[in-house]
Amino acid sequence: MFGTGLEMKERRSPSQLEACWKEKDMVSGRICDAMVVIMRTSGCCWAKTGGCSMCGYRQASLVTVTEDDLNMQIDEALSKYNGEPFVKIYTSGSFLDEKEIPLSVRQRVLKEFSGCERILVESRPEFVKEETVAALPKTTTVALGLESSDPDVLSTSINKGFTPEDSRRAGMLIKEAGLTVRTYLLLKPPFLTESSAIEDTVASAVFADEFSDEISVNPLNVQRGTYAERLWRAGELRPPWIWSLAEVMRRLSGRVNARLISSPSGGGTARGVHNCGKCDREMLDGIERFSFSQDPKDLEVECECKDGWQTYLESERILGTAADLDRGFGNDLAIGSAKDGGIRR
């Protein structure tokens, strides 16, 4: 018998990493190996007051994590490090929040990986301060979760807790310090129709281009224990189509100076960005190739479901709803299977 989420969380060791793996990314214009480290921390400060509507990362946090635990996690990361030129350090919230990552731990991470050509950390904008940024090595990329440049989307759909201008201020400060910025955008937050989500992400990328070296488009992935999951189970939300993601990339190609990337979580599943199922893998592979090449030709895929996507866009516009139309029109089997995460497409 499976334990509850709370029981499973209590059994996890605070001295162990949440996850660690290797993947491909870019350094100085070339494709290279990167190590990804997910640290288990006490959690995001914003999540403790409610958090974002789509974020389930609070599941990866433990209030009992101590500074000693964090140092043991660094030891674990070092044992798995094999000289990758790019290291990404993620937490449940903000690497620059000293209540989540004490200054001594931050300094140790930066020292231990000082030989890397590039290191990436994430932060909310309120922790990006002049003195903090000045102490970071010039090889640092700071990732900012802008999500949307529309203040109403940020406050109502996402409950982000800051404004687009807050992210712009932080991004400009990082750039002025000689560091690089990766900006995250959320494709299709709750309550947005597919077509309005496309427009919002395109407009947000144009806004972010001024202070971003890279723009990462993250399609909504329905994470457990979130408000977005509640809407999804009720049939009031459908994760975006891969066609929509490709459309965003195609429309932004050549329009922004930042490198456009996307590595969708849950791609090809009911909870993540998906099409009909038959073309999902081919399209996701094309998105990955585009993230390195920036060549729109990599986005060219043919499938009969593209007509269904276009019909979906038009139907949403006519009906004025962001509900999952496939599930709404008599798809009882799909609704019944939502409880185990398997929605028929």
# chains A, B, ... in the order shown; residues from 1 in each chain; ligands from 1
>>> select_by_dssp(residues="region 74-257 of chain A", states="alpha helix (DSSP H)", output="PyMOL selection string")
chain A and resi 74-80+103-112+130-134+151-152+164-176+194-208+227-233+242-252
>>> residues_around(residues="region 285-287 of chain A", least_positions_apart="5", cutoff="10 Å", atoms="only C-alpha atoms", output="PyMOL selection string")
chain A and resi 242+245-246+249+261-264+280+292-301
>>> write_last_selection(atoms="N, CA and C atoms", output="short mmCIF file (atom, residue, chain, number, x, y, z; two decimals), in the first residue's frame")
data_model
loop_
_atom_site.label_atom_id
_atom_site.label_comp_id
_atom_site.auth_asym_id
_atom_site.auth_seq_id
_atom_site.Cartn_x
_atom_site.Cartn_y
_atom_site.Cartn_z
N ILE A 242 1.45 20.94 -28.61
CA ILE A 242 2.82 21.15 -29.08
C ILE A 242 2.80 22.06 -30.29
N LEU A 245 3.31 25.50 -28.99
CA LEU A 245 4.70 25.76 -28.63
C LEU A 245 5.53 26.04 -29.87
N ALA A 246 5.33 25.22 -30.91
CA ALA A 246 6.06 25.42 -32.17
C ALA A 246 5.70 26.77 -32.80
N MET A 249 7.60 29.55 -31.01
CA MET A 249 9.01 29.57 -31.42
C MET A 249 9.16 30.13 -32.84
N ILE A 261 14.72 28.64 -26.22
CA ILE A 261 14.87 27.24 -25.85
C ILE A 261 13.58 26.73 -25.21
N SER A 262 13.42 25.42 -25.24
CA SER A 262 12.30 24.79 -24.54
C SER A 262 12.64 23.32 -24.32
N SER A 263 12.46 22.88 -23.09
CA SER A 263 12.66 21.48 -22.72
C SER A 263 11.47 21.08 -21.86
N PRO A 264 10.33 20.78 -22.50
CA PRO A 264 9.07 20.61 -21.76
C PRO A 264 9.08 19.45 -20.77
N ASP A 280 3.63 13.37 -31.33
CA ASP A 280 4.22 14.05 -30.18
C ASP A 280 5.74 13.94 -30.13
N PHE A 292 18.75 24.26 -30.08
CA PHE A 292 20.19 24.36 -30.34
C PHE A 292 20.50 25.09 -31.64
N SER A 293 19.69 24.82 -32.66
CA SER A 293 20.00 25.37 -33.99
C SER A 293 19.41 26.75 -34.23
N GLN A 294 18.25 27.04 -33.58
CA GLN A 294 17.48 28.26 -33.82
C GLN A 294 16.96 28.32 -35.26
N ASP A 295 16.90 27.18 -35.92
CA ASP A 295 16.44 27.09 -37.31
C ASP A 295 14.97 26.67 -37.33
N PRO A 296 14.07 27.54 -37.79
CA PRO A 296 12.64 27.21 -37.83
C PRO A 296 12.31 25.96 -38.64
N LYS A 297 13.20 25.56 -39.54
CA LYS A 297 12.95 24.36 -40.33
C LYS A 297 12.86 23.12 -39.45
N ASP A 298 13.51 23.18 -38.28
CA ASP A 298 13.44 22.04 -37.36
C ASP A 298 12.05 21.87 -36.75
N LEU A 299 11.22 22.88 -36.90
CA LEU A 299 9.87 22.83 -36.34
C LEU A 299 8.85 22.28 -37.34
N GLU A 300 9.30 21.99 -38.54
CA GLU A 300 8.38 21.56 -39.60
C GLU A 300 8.06 20.08 -39.47
N VAL A 301 6.82 19.80 -39.06
CA VAL A 301 6.31 18.43 -38.90
C VAL A 301 4.90 18.42 -39.48
#
>>> residues_around(residues="Glu210 (chain A)", least_positions_apart="3", cutoff="10 Å", atoms="only C-alpha atoms", output="number ranges by chain")
A: 168, 171-172, 175, 205-207, 213, 256-258
>>> residues_around(residues="Val217 (chain A)", least_positions_apart="4", cutoff="12 Å", atoms="only C-alpha atoms", output="ChimeraX atom specification")
/A:145-148,182-188,197-198,200-202,204-205,208,221,240,242,244-249,252,258-265,273,287-288,291
>>> residues_around(residues="Glu67 (chain A)", least_positions_apart="3", cutoff="9 Å", atoms="only C-alpha atoms", output="PyMOL selection string")
chain A and resi 70-72+101-102+104-105
>>> select_by_dssp(residues="region 101-299 of chain A", states="strand (DSSP E)", output="number ranges by chain")
A: 118-122, 140-147, 180-187, 214-219, 259-261
>>> atom_distance(atom1="CA of Pro14 (chain A)", atom2="CA of Gly56 (chain A)")
18.1 Å
>>> atom_distance(atom1="CA of Thr64 (chain A)", atom2="CA of Lys99 (chain A)")
12.8 Å
